[in-house]
Amino acid sequence: MPLVKATLSLPLYTNNKDRTVRMRLKRTKDYKRYMNMYCQTFHFRKPYQVLVDADFIQTALDQRLDLRTNIPKVLCDASKQMVTPCTMALLKSRGEDASGAFLASKRFEKRRCKHQQAVDEDICLSQIISNSNPHNYVVASQSKKLRSKFAQVPGVPLLYINRSNLILEPPSEASMNKCKQIESGKTHASTKELATLKTVKVTGQGKVTLDVKLAKKLEEKQESKKQKREVQKAKLLKKRMGPKEPNPLSVKKKKVVATPSAAVAATEKKKRAEGEGVDGAPEKKKRKRRKSKTAGANQEEAVGDESS
């Protein structure tokens with residue numbers, strides 16, 4: 001019997017540290033790609049504004065995660081952590097169990113909401129983001145319900161914590177569909193270009209001719225739109241700028257025109273100060289009478305005679 005050499009295919013075991021490093025590098029590449037898409041299509045700006053949830057702050061404290069350092073790493077750029085007054089009120093209402101989370105929320109930047117009294121946190125955040133996320137917020141939340149709700153809104157990046165790891169969710173279907181619409185709009189002809197194409201006519205022989213009437217109508221419409229825009233701009237500038245006035249420091253003070261009654265009162269005050277009467281004659285000063293020496297001596301003699 002011929003001997004058959006058995007070749008064992010041994011598995012190649014790599015180091016766990018190398019594996020984790022590769023995973024992190026792959027993750028950071030994905031996160032960069034996601035954030036670039038949000039910046040290009042939805043006009044996100046740096047530093048990114050991150051709306052933080054109450055449960056998110058609590059889990060970060062439990063897992064001993066520093067949000068100020070970890071969130072910028074995940075988003076691959078600088079970020080601002082923001083908290084609404086409603087989330088702070090929720091943390092305060094939980095008592096001593098959430099006292100650390102409440103103190104941590106004070107360090108974040110406050111984002112004002114319209115509610116004078118504290119409302120449920122989900123309602124507050126949903127009102128801020130609404131249907132289109134106009135202020136370009138990144139939402140950091142632990143509740144799956146809230147994340148699934150915001151996934152339906154296009155252009156909302158979502159953050160959550162999983163086993164002491166910050167994770168950025170990939171863009172939702174709504175945001176990807178919106179991105180495709182914007183890209184297709186760039187490639188296709190605009191309404192203005194389509195209107196100009198209508199004026200062009202191509203014959204069977206391949207000759208290109210312009211419809212003069214349609215071209216004139218288009219020109220008139222464009223001119224009327226331009227005039228309307230210029231009028232609106234002029235109105236806005238007038239409201240903003242207003243009439244120009246000279247520098248108040250370089251202008252002399254206006255002379256107050258005195259009324260006859262005020263002029264008479266002023267002259268009376270001057271005359272009294274100078275010692276003149278109202279009629280123009282100088283007032284006589286009242287003099288104090290001094291006792292003469294002879295009268296004083298006679299009084300003393302009279303007092304002496306009475307005593308004797």
# chains A, B, ... in the order shown; residues from 1 in each chain; ligands from 1
>>> residues_around(residues="region 51-58 of chain A", least_positions_apart="4", cutoff="10 Å", atoms="only C-alpha atoms", output="number ranges by chain")
A: 62-67, 80-84, 86-91, 97-102, 104-105, 108-111, 121-122, 125, 128-129, 137-143, 158-161
>>> write_last_selection(atoms="N, CA and C atoms", output="short mmCIF file (atom, residue, chain, number, x, y, z; two decimals), in the first residue's frame")
data_model
loop_
_atom_site.label_atom_id
_atom_site.label_comp_id
_atom_site.auth_asym_id
_atom_site.auth_seq_id
_atom_site.Cartn_x
_atom_site.Cartn_y
_atom_site.Cartn_z
N ASP A 62 -22.36 55.52 33.70
CA ASP A 62 -22.25 54.14 34.18
C ASP A 62 -21.08 53.41 33.53
N GLN A 63 -20.87 53.66 32.24
CA GLN A 63 -19.78 53.01 31.50
C GLN A 63 -18.46 53.78 31.61
N ARG A 64 -18.49 54.93 32.32
CA ARG A 64 -17.30 55.78 32.51
C ARG A 64 -16.73 56.26 31.18
N LEU A 65 -17.62 56.79 30.37
CA LEU A 65 -17.23 57.35 29.06
C LEU A 65 -17.20 58.87 29.16
N ASP A 66 -16.14 59.47 28.70
CA ASP A 66 -16.03 60.93 28.62
C ASP A 66 -16.57 61.37 27.26
N LEU A 67 -17.75 61.98 27.28
CA LEU A 67 -18.42 62.35 26.03
C LEU A 67 -17.69 63.45 25.28
N LYS A 80 -20.08 70.03 19.58
CA LYS A 80 -20.66 70.70 20.75
C LYS A 80 -21.76 69.82 21.32
N GLN A 81 -21.65 69.49 22.60
CA GLN A 81 -22.70 68.72 23.25
C GLN A 81 -23.74 69.68 23.82
N MET A 82 -25.00 69.46 23.48
CA MET A 82 -26.07 70.39 23.86
C MET A 82 -27.18 69.64 24.61
N VAL A 83 -27.77 70.32 25.61
CA VAL A 83 -28.84 69.74 26.43
C VAL A 83 -29.99 70.74 26.51
N THR A 84 -31.21 70.24 26.40
CA THR A 84 -32.40 71.08 26.53
C THR A 84 -32.79 71.21 28.01
N CYS A 86 -35.63 70.65 29.25
CA CYS A 86 -36.55 69.55 29.56
C CYS A 86 -35.79 68.30 30.02
N THR A 87 -34.65 68.01 29.38
CA THR A 87 -33.82 66.86 29.79
C THR A 87 -33.21 67.10 31.17
N MET A 88 -32.81 68.32 31.43
CA MET A 88 -32.25 68.66 32.75
C MET A 88 -33.30 68.53 33.84
N ALA A 89 -34.53 68.95 33.53
CA ALA A 89 -35.63 68.81 34.49
C ALA A 89 -35.95 67.34 34.75
N LEU A 90 -35.84 66.51 33.70
CA LEU A 90 -36.10 65.07 33.84
C LEU A 90 -35.05 64.42 34.75
N LEU A 91 -33.78 64.79 34.56
CA LEU A 91 -32.71 64.25 35.39
C LEU A 91 -32.85 64.71 36.85
N ASP A 97 -30.45 59.22 42.46
CA ASP A 97 -29.91 58.21 41.52
C ASP A 97 -29.29 58.86 40.29
N ALA A 98 -29.85 59.99 39.85
CA ALA A 98 -29.36 60.68 38.65
C ALA A 98 -28.69 62.01 38.99
N SER A 99 -28.21 62.14 40.22
CA SER A 99 -27.56 63.40 40.63
C SER A 99 -26.25 63.63 39.86
N GLY A 100 -25.48 62.56 39.64
CA GLY A 100 -24.24 62.68 38.87
C GLY A 100 -24.49 63.06 37.43
N ALA A 101 -25.54 62.47 36.82
CA ALA A 101 -25.89 62.81 35.43
C ALA A 101 -26.37 64.25 35.33
N PHE A 102 -27.08 64.71 36.35
CA PHE A 102 -27.57 66.10 36.36
C PHE A 102 -26.40 67.08 36.44
N ALA A 104 -23.35 66.44 35.40
CA ALA A 104 -22.65 66.34 34.11
C ALA A 104 -23.36 67.13 33.02
N SER A 105 -24.69 67.17 33.06
CA SER A 105 -25.47 67.91 32.05
C SER A 105 -25.26 69.42 32.16
N PHE A 108 -22.58 70.84 29.80
CA PHE A 108 -22.87 70.96 28.38
C PHE A 108 -23.53 72.31 28.08
N GLU A 109 -23.53 72.64 26.80
CA GLU A 109 -24.16 73.89 26.34
C GLU A 109 -25.68 73.73 26.33
N LYS A 110 -26.38 74.77 26.75
CA LYS A 110 -27.84 74.70 26.81
C LYS A 110 -28.45 75.09 25.47
N ARG A 111 -29.44 74.29 25.06
CA ARG A 111 -30.20 74.58 23.84
C ARG A 111 -31.62 74.95 24.26
N GLU A 121 -39.49 64.50 27.31
CA GLU A 121 -38.26 64.71 26.54
C GLU A 121 -38.43 64.36 25.06
N ASP A 122 -39.16 63.29 24.76
CA ASP A 122 -39.38 62.87 23.37
C ASP A 122 -40.10 63.96 22.57
N LEU A 125 -37.61 67.01 21.93
CA LEU A 125 -36.62 66.74 20.88
C LEU A 125 -37.26 66.64 19.49
N ILE A 128 -37.94 70.09 18.13
CA ILE A 128 -36.72 70.78 17.69
C ILE A 128 -36.30 70.29 16.30
N ILE A 129 -36.35 68.97 16.10
CA ILE A 129 -35.91 68.40 14.82
C ILE A 129 -36.98 68.50 13.75
N TYR A 137 -28.81 68.98 13.55
CA TYR A 137 -28.39 68.39 14.82
C TYR A 137 -28.08 66.90 14.66
N VAL A 138 -27.06 66.45 15.41
CA VAL A 138 -26.79 65.02 15.59
C VAL A 138 -27.49 64.62 16.89
N VAL A 139 -28.29 63.56 16.87
CA VAL A 139 -29.06 63.14 18.04
C VAL A 139 -28.36 61.96 18.69
N ALA A 140 -28.06 62.10 19.99
CA ALA A 140 -27.46 61.01 20.78
C ALA A 140 -28.50 60.53 21.78
N SER A 141 -29.05 59.33 21.52
CA SER A 141 -30.15 58.81 22.35
C SER A 141 -30.01 57.32 22.54
N GLN A 142 -30.52 56.83 23.68
CA GLN A 142 -30.51 55.41 23.98
C GLN A 142 -31.86 54.73 23.69
N SER A 143 -32.91 55.52 23.56
CA SER A 143 -34.23 54.93 23.33
C SER A 143 -34.39 54.53 21.86
N LEU A 158 -27.49 59.56 13.99
CA LEU A 158 -27.92 59.02 15.28
C LEU A 158 -26.76 58.33 15.98
N LEU A 159 -26.60 58.66 17.26
CA LEU A 159 -25.55 58.07 18.11
C LEU A 159 -26.18 57.28 19.25
N TYR A 160 -25.53 56.19 19.65
CA TYR A 160 -25.94 55.46 20.85
C TYR A 160 -24.75 54.70 21.41
N ILE A 161 -24.88 54.21 22.66
CA ILE A 161 -23.81 53.51 23.35
C ILE A 161 -24.15 52.02 23.41
#
>>> select_by_dssp(residues="region 36-170 of chain A", states="helix (DSSP H, G or I)", output="PyMOL selection string")
chain A and resi 36-42+54-62+67-75+85-93+95-106+121-129+144-151
>>> atom_distance(atom1="CA of Leu214 (chain A)", atom2="CA of Lys233 (chain A)")
28.9 Å
>>> select_by_dssp(residues="region 123-171 of chain A", states="strand (DSSP E)", output="short mmCIF file (atom, residue, chain, number, x, y, z; two decimals) with N, CA, C and O atoms, in the first residue's frame")
data_model
loop_
_atom_site.label_atom_id
_atom_site.label_comp_id
_atom_site.auth_asym_id
_atom_site.auth_seq_id
_atom_site.Cartn_x
_atom_site.Cartn_y
_atom_site.Cartn_z
N TYR A 137 -28.81 68.98 13.55
CA TYR A 137 -28.39 68.39 14.82
C TYR A 137 -28.08 66.90 14.66
O TYR A 137 -28.75 66.19 13.91
N VAL A 138 -27.06 66.45 15.41
CA VAL A 138 -26.79 65.02 15.59
C VAL A 138 -27.49 64.62 16.89
O VAL A 138 -27.29 65.27 17.92
N VAL A 139 -28.29 63.56 16.87
CA VAL A 139 -29.06 63.14 18.04
C VAL A 139 -28.36 61.96 18.69
O VAL A 139 -28.11 60.94 18.03
N ALA A 140 -28.06 62.10 19.99
CA ALA A 140 -27.46 61.01 20.78
C ALA A 140 -28.50 60.53 21.78
O ALA A 140 -28.82 61.23 22.74
N LEU A 158 -27.49 59.56 13.99
CA LEU A 158 -27.92 59.02 15.28
C LEU A 158 -26.76 58.33 15.98
O LEU A 158 -26.05 57.52 15.38
N LEU A 159 -26.60 58.66 17.26
CA LEU A 159 -25.55 58.07 18.11
C LEU A 159 -26.18 57.28 19.25
O LEU A 159 -27.22 57.68 19.77
N TYR A 160 -25.53 56.19 19.65
CA TYR A 160 -25.94 55.46 20.85
C TYR A 160 -24.75 54.70 21.41
O TYR A 160 -23.72 54.53 20.74
N ILE A 161 -24.88 54.21 22.66
CA ILE A 161 -23.81 53.51 23.35
C ILE A 161 -24.15 52.02 23.41
O ILE A 161 -25.26 51.65 23.80
N LEU A 166 -19.16 53.93 21.68
CA LEU A 166 -20.03 54.87 20.96
C LEU A 166 -20.17 54.43 19.52
O LEU A 166 -19.16 54.16 18.86
N ILE A 167 -21.41 54.36 19.04
CA ILE A 167 -21.66 53.88 17.68
C ILE A 167 -22.50 54.89 16.93
O ILE A 167 -23.51 55.37 17.44
N LEU A 168 -22.07 55.19 15.72
CA LEU A 168 -22.84 56.05 14.81
C LEU A 168 -23.58 55.17 13.82
O LEU A 168 -22.96 54.38 13.10
#
>>> decode(residues="region 211-230 of chain A", atoms="N, CA, C and O atoms", output="mmCIF file, in the first residue's frame")
data_model
loop_
_atom_site.group_PDB
_atom_site.id
_atom_site.type_symbol
_atom_site.label_atom_id
_atom_site.label_comp_id
_atom_site.auth_asym_id
_atom_site.auth_seq_id
_atom_site.Cartn_x
_atom_site.Cartn_y
_atom_site.Cartn_z
ATOM 1 N N ASP A 211 -38.036 79.486 -32.224
ATOM 2 C CA ASP A 211 -39.373 80.068 -32.232
ATOM 3 C C ASP A 211 -39.266 81.441 -31.573
ATOM 4 O O ASP A 211 -39.075 81.548 -30.352
ATOM 5 N N VAL A 212 -39.396 82.492 -32.382
ATOM 6 C CA VAL A 212 -39.127 83.863 -31.919
ATOM 7 C C VAL A 212 -40.148 84.301 -30.877
ATOM 8 O O VAL A 212 -39.807 84.961 -29.887
ATOM 9 N N LYS A 213 -41.391 83.932 -31.066
ATOM 10 C CA LYS A 213 -42.456 84.369 -30.151
ATOM 11 C C LYS A 213 -42.249 83.786 -28.746
ATOM 12 O O LYS A 213 -42.342 84.494 -27.738
ATOM 13 N N LEU A 214 -41.957 82.487 -28.708
ATOM 14 C CA LEU A 214 -41.714 81.852 -27.410
ATOM 15 C C LEU A 214 -40.459 82.410 -26.739
ATOM 16 O O LEU A 214 -40.421 82.587 -25.511
ATOM 17 N N ALA A 215 -39.428 82.687 -27.534
ATOM 18 C CA ALA A 215 -38.182 83.245 -26.983
ATOM 19 C C ALA A 215 -38.422 84.623 -26.371
ATOM 20 O O ALA A 215 -37.901 84.930 -25.288
ATOM 21 N N LYS A 216 -39.241 85.452 -27.033
ATOM 22 C CA LYS A 216 -39.561 86.783 -26.498
ATOM 23 C C LYS A 216 -40.349 86.685 -25.200
ATOM 24 O O LYS A 216 -40.128 87.444 -24.250
ATOM 25 N N LYS A 217 -41.305 85.743 -25.171
ATOM 26 C CA LYS A 217 -42.103 85.546 -23.953
ATOM 27 C C LYS A 217 -41.222 85.146 -22.767
ATOM 28 O O LYS A 217 -41.383 85.637 -21.644
ATOM 29 N N LEU A 218 -40.280 84.255 -23.028
ATOM 30 C CA LEU A 218 -39.357 83.830 -21.980
ATOM 31 C C LEU A 218 -38.495 84.982 -21.473
ATOM 32 O O LEU A 218 -38.290 85.150 -20.269
ATOM 33 N N GLU A 219 -37.997 85.780 -22.399
ATOM 34 C CA GLU A 219 -37.181 86.942 -22.022
ATOM 35 C C GLU A 219 -37.972 87.929 -21.174
ATOM 36 O O GLU A 219 -37.468 88.488 -20.192
ATOM 37 N N GLU A 220 -39.234 88.175 -21.562
ATOM 38 C CA GLU A 220 -40.094 89.094 -20.809
ATOM 39 C C GLU A 220 -40.355 88.576 -19.385
ATOM 40 O O GLU A 220 -40.345 89.344 -18.419
ATOM 41 N N LYS A 221 -40.585 87.275 -19.271
ATOM 42 C CA LYS A 221 -40.805 86.673 -17.952
ATOM 43 C C LYS A 221 -39.572 86.813 -17.065
ATOM 44 O O LYS A 221 -39.667 87.152 -15.877
ATOM 45 N N GLN A 222 -38.409 86.550 -17.657
ATOM 46 C CA GLN A 222 -37.154 86.651 -16.900
ATOM 47 C C GLN A 222 -36.894 88.079 -16.444
ATOM 48 O O GLN A 222 -36.456 88.325 -15.305
ATOM 49 N N GLU A 223 -37.159 89.047 -17.313
ATOM 50 C CA GLU A 223 -36.964 90.458 -16.970
ATOM 51 C C GLU A 223 -37.918 90.901 -15.858
ATOM 52 O O GLU A 223 -37.536 91.638 -14.946
ATOM 53 N N SER A 224 -39.181 90.458 -15.943
ATOM 54 C CA SER A 224 -40.165 90.806 -14.907
ATOM 55 C C SER A 224 -39.775 90.225 -13.552
ATOM 56 O O SER A 224 -39.906 90.875 -12.506
ATOM 57 N N LYS A 225 -39.241 88.989 -13.552
ATOM 58 C CA LYS A 225 -38.780 88.367 -12.307
ATOM 59 C C LYS A 225 -37.596 89.121 -11.717
ATOM 60 O O LYS A 225 -37.512 89.334 -10.499
ATOM 61 N N LYS A 226 -36.670 89.542 -12.597
ATOM 62 C CA LYS A 226 -35.512 90.313 -12.128
ATOM 63 C C LYS A 226 -35.930 91.635 -11.496
ATOM 64 O O LYS A 226 -35.399 92.049 -10.467
ATOM 65 N N GLN A 227 -36.880 92.323 -12.136
ATOM 66 C CA GLN A 227 -37.366 93.598 -11.606
ATOM 67 C C GLN A 227 -38.022 93.418 -10.237
ATOM 68 O O GLN A 227 -37.817 94.231 -9.329
ATOM 69 N N LYS A 228 -38.817 92.356 -10.094
ATOM 70 C CA LYS A 228 -39.458 92.077 -8.808
ATOM 71 C C LYS A 228 -38.422 91.823 -7.714
ATOM 72 O O LYS A 228 -38.547 92.299 -6.581
ATOM 73 N N ARG A 229 -37.386 91.062 -8.053
ATOM 74 C CA ARG A 229 -36.314 90.793 -7.087
ATOM 75 C C ARG A 229 -35.588 92.059 -6.671
ATOM 76 O O ARG A 229 -35.269 92.260 -5.492
ATOM 77 N N GLU A 230 -35.303 92.925 -7.647
ATOM 78 C CA GLU A 230 -34.612 94.182 -7.343
ATOM 79 C C GLU A 230 -35.456 95.076 -6.436
ATOM 80 O O GLU A 230 -34.928 95.727 -5.526
#
